[in-house]
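> Before I ask anything, here is the structure I am working with.
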Amino acid sequence: MNVFTQLGQWLSDPNRWSWTDPAGIPYRTVEHLWFSVLSLLVAAVLTIPAAVWLAHYRRGAFLASSAVNIGRAIPSFGLIILFWFLASRWGADTNFWPLLLALVGLALPPLFTNTYAGVVQLEQETVDAARGTGYREWQIMLKLELPLASPVIVAGARVAFLQLVATVAIGAIVNDGGGLGRYIVDGFAEGVQGYGEIFGGGIAVIVLALVCEGIFSLLTRWATPKGLALQNARRES
């Protein structure tokens, strides 16, 4: 039996398209997105306010530059194993906290770096003009720097989220969840008979990543202020 025949049989399972059965692709997709979105939101809350404040006062430049290298050096699977070990030692839920903490750790560097860079690269004349009109520092950060830096911030969130989508699948190795990655792990456990499930799970992860990429492309356009978009369009023309 070839892999395509196995894939067809796997997809024809009555529970494969269930929203409530763990065997269902919709169920696993929601689980996959839940971990990815929650991790991105937690990382954004921890990172963006601090990065905006540091960039506004021109502090933490070394930290911002180091965050890129830290993000590249962190092994995602190693983080998951580390937090799983700690959770098991402390009696915490090993099906939730290890994966969540590892995902948050992976999302922090790109979010911090892009937020910091987005604020720092703004023209100082614009900030000085806002001060001249009576804006306080917190108003400049919230009403000027954050909106103008939003396209760069969303770009960082885009990179982080795609990394999270890929890493959630790896998380299936150490917990009962793992979203769509559950199919890949279970397929390997079945040996030759699981090739169809592995293939189907891999396709599902790829499709989900491409859909998320498209959504973030739209979010980037939506997050760009109209004035800034017109200015960029004039520069390109």
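Ordered as shown in the structure tokens, chains take letters A, B, and onward, while each chain numbers its residues from 1 and ligands are numbered from 1 in the order shown.
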Give me every helix (DSSP H, G or I) residue in region 7-192 of chain A, going by DSSP on the backbone, as a PyMOL selection string.

chain A and resi 7-11+14-17+25-56+61-73+76-90+97-120+124-132+137-171+181-192

> Grab the CA of Phe96 (chain A) to CA of Leu210 (chain A) distance for me, in Å with one decimal place.

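Between CA of Phe96 (chain A) and CA of Leu210 (chain A) the gap works out to 25.4 Å.
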
> I'd like to know which of A:Ala117, A:Ser88, A:Val165, A:Gln6 is closest to Val30 (chain A), using only C-alpha atoms.

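Between A:Ala117, A:Ser88, A:Val165, A:Gln6, the residue approaching Val30 (chain A) most closely is A:Val165.
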
> As a ChimeraX atom specification, please: the residues near Ile80 (chain A) (cut-off 7 Å, only C-alpha atoms, same-chain neighbours under 6 positions excluded).

/A:98-99,102,171

> Keeping C-alpha atoms for every residue in the selection just given, could you write it to a file as an mmCIF file, in the first residue's frame?


```cif
data_model
loop_
_atom_site.group_PDB
_atom_site.id
_atom_site.type_symbol
_atom_site.label_atom_id
_atom_site.label_comp_id
_atom_site.auth_asym_id
_atom_site.auth_seq_id
_atom_site.Cartn_x
_atom_site.Cartn_y
_atom_site.Cartn_z
ATOM 1 C CA PRO A 98 6.248 23.297 29.098
ATOM 2 C CA LEU A 99 5.004 24.015 25.590
ATOM 3 C CA ALA A 102 8.908 27.400 25.430
ATOM 4 C CA GLY A 171 5.588 19.910 21.102
#
```

> Taking 6 positions as the minimum chain separation for residues in the same chain, which residues sit within 7 Å of region 47-55 of chain A when counting only C-alpha atoms? Answer as a PyMOL selection string.

chain A and resi 108+111-112+115-116+119-120+141

> Using only C-alpha atoms for the distances, tell me which of A:Val192, A:Ala172, A:Leu219, A:Leu122 is nearest to Trp84 (chain A).

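Of the candidates, the smallest distance to Trp84 (chain A) is held by A:Ala172.
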
> Compile the contact shell of Val185 (chain A) as JSON, numbers by chain: residues with an atom at most 7 Å away, counting only C-alpha atoms, same-chain residues fewer than 3 positions apart removed.

{"A": [172, 173, 181, 182, 188, 189]}

> Record the distance separating CA of Leu100 (chain A) and CA of Phe35 (chain A), expressed in Å with one decimal.

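These two atoms are separated by 6.7 Å.
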
> Could you list, as a short mmCIF file (atom, residue, chain, number, x, y, z; two decimals) with all heavy atoms, in the first residue's frame, every residue within 12 Å of Leu79 (chain A), counting only C-alpha atoms and ignoring same-chain residues fewer than 6 positions away?


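And here is the file that came out, selection-v9.cif:
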```
data_model
loop_
_atom_site.label_atom_id
_atom_site.label_comp_id
_atom_site.auth_asym_id
_atom_site.auth_seq_id
_atom_site.Cartn_x
_atom_site.Cartn_y
_atom_site.Cartn_z
N GLY A 71 17.67 34.75 19.81
CA GLY A 71 16.56 34.06 19.17
C GLY A 71 17.02 32.98 18.21
O GLY A 71 16.40 31.92 18.10
N ALA A 73 19.86 31.36 18.46
CA ALA A 73 20.63 30.33 19.17
C ALA A 73 19.75 29.41 20.01
O ALA A 73 20.18 28.30 20.34
CB ALA A 73 21.67 30.99 20.07
N PHE A 85 10.85 18.99 31.90
CA PHE A 85 11.56 18.42 33.05
C PHE A 85 11.25 19.21 34.32
O PHE A 85 10.97 18.63 35.37
CB PHE A 85 13.06 18.43 32.77
CG PHE A 85 13.89 17.95 33.93
CD1 PHE A 85 14.00 16.61 34.23
CD2 PHE A 85 14.58 18.87 34.73
CE1 PHE A 85 14.76 16.18 35.31
CE2 PHE A 85 15.33 18.45 35.80
CZ PHE A 85 15.43 17.10 36.09
N LEU A 86 11.28 20.55 34.22
CA LEU A 86 11.00 21.37 35.40
C LEU A 86 9.55 21.21 35.86
O LEU A 86 9.28 21.13 37.06
CB LEU A 86 11.28 22.85 35.07
CG LEU A 86 12.74 23.21 34.79
CD1 LEU A 86 12.86 24.67 34.38
CD2 LEU A 86 13.61 22.93 36.01
N TRP A 97 2.09 23.73 30.43
CA TRP A 97 3.11 24.73 30.76
C TRP A 97 4.42 24.57 30.00
O TRP A 97 4.98 25.58 29.55
CB TRP A 97 3.37 24.73 32.27
CG TRP A 97 2.22 25.26 33.05
CD1 TRP A 97 1.39 24.57 33.87
CD2 TRP A 97 1.76 26.62 33.06
NE1 TRP A 97 0.42 25.41 34.39
CE2 TRP A 97 0.64 26.68 33.91
CE3 TRP A 97 2.18 27.78 32.42
CZ2 TRP A 97 -0.07 27.85 34.14
CZ3 TRP A 97 1.49 28.96 32.65
CH2 TRP A 97 0.39 28.99 33.50
N PRO A 98 4.97 23.38 29.82
CA PRO A 98 6.25 23.30 29.10
C PRO A 98 6.18 23.87 27.69
O PRO A 98 7.05 24.65 27.28
CB PRO A 98 6.53 21.79 29.08
CG PRO A 98 5.79 21.25 30.24
CD PRO A 98 4.55 22.07 30.35
N LEU A 99 5.13 23.52 26.96
CA LEU A 99 5.00 24.01 25.59
C LEU A 99 4.73 25.51 25.57
O LEU A 99 5.32 26.25 24.78
CB LEU A 99 3.89 23.26 24.86
CG LEU A 99 3.70 23.60 23.39
CD1 LEU A 99 5.00 23.40 22.61
CD2 LEU A 99 2.58 22.76 22.79
N LEU A 100 3.85 25.98 26.46
CA LEU A 100 3.52 27.40 26.49
C LEU A 100 4.75 28.24 26.81
O LEU A 100 5.04 29.23 26.12
CB LEU A 100 2.42 27.68 27.51
CG LEU A 100 2.03 29.15 27.66
CD1 LEU A 100 1.36 29.67 26.38
CD2 LEU A 100 1.10 29.36 28.85
N LEU A 101 5.49 27.87 27.84
CA LEU A 101 6.67 28.65 28.24
C LEU A 101 7.74 28.63 27.15
O LEU A 101 8.40 29.65 26.91
CB LEU A 101 7.23 28.10 29.55
CG LEU A 101 6.35 28.28 30.79
CD1 LEU A 101 6.97 27.60 32.00
CD2 LEU A 101 6.10 29.75 31.07
N ALA A 102 7.92 27.48 26.51
CA ALA A 102 8.91 27.40 25.43
C ALA A 102 8.50 28.29 24.26
O ALA A 102 9.34 28.99 23.68
CB ALA A 102 9.05 25.95 24.96
N LEU A 103 7.23 28.30 23.93
CA LEU A 103 6.75 29.12 22.81
C LEU A 103 6.89 30.61 23.13
O LEU A 103 7.29 31.41 22.27
CB LEU A 103 5.28 28.80 22.52
CG LEU A 103 5.00 27.40 21.96
CD1 LEU A 103 3.50 27.16 21.84
CD2 LEU A 103 5.66 27.20 20.61
N VAL A 104 6.57 31.00 24.36
CA VAL A 104 6.73 32.40 24.76
C VAL A 104 8.20 32.80 24.66
O VAL A 104 8.53 33.89 24.16
CB VAL A 104 6.20 32.62 26.19
CG1 VAL A 104 6.57 34.01 26.69
CG2 VAL A 104 4.68 32.46 26.22
N GLY A 105 9.09 31.93 25.12
CA GLY A 105 10.51 32.22 25.04
C GLY A 105 10.99 32.40 23.61
O GLY A 105 11.85 33.24 23.33
N LEU A 106 10.43 31.66 22.67
CA LEU A 106 10.82 31.78 21.28
C LEU A 106 10.27 33.05 20.63
O LEU A 106 10.87 33.60 19.71
CB LEU A 106 10.32 30.56 20.50
CG LEU A 106 10.99 29.22 20.82
CD1 LEU A 106 10.28 28.09 20.10
CD2 LEU A 106 12.46 29.26 20.42
N THR A 167 6.70 25.22 15.82
CA THR A 167 7.18 24.62 17.06
C THR A 167 6.08 23.87 17.81
O THR A 167 6.37 22.90 18.51
CB THR A 167 7.78 25.71 17.98
OG1 THR A 167 8.77 26.43 17.25
CG2 THR A 167 8.41 25.10 19.21
N ILE A 170 6.20 20.36 17.02
CA ILE A 170 7.27 19.63 17.71
C ILE A 170 6.85 19.27 19.13
O ILE A 170 7.23 18.23 19.66
CB ILE A 170 8.56 20.47 17.74
CG1 ILE A 170 9.01 20.80 16.32
CG2 ILE A 170 9.68 19.74 18.48
CD1 ILE A 170 10.21 21.73 16.26
N GLY A 171 6.02 20.13 19.73
CA GLY A 171 5.59 19.91 21.10
C GLY A 171 4.81 18.63 21.29
O GLY A 171 4.68 18.13 22.42
N VAL A 174 6.34 15.68 23.39
CA VAL A 174 6.44 15.60 24.85
C VAL A 174 5.10 15.77 25.55
O VAL A 174 5.04 15.71 26.77
CB VAL A 174 7.42 16.68 25.38
CG1 VAL A 174 8.82 16.40 24.90
CG2 VAL A 174 6.97 18.07 24.98
#
```
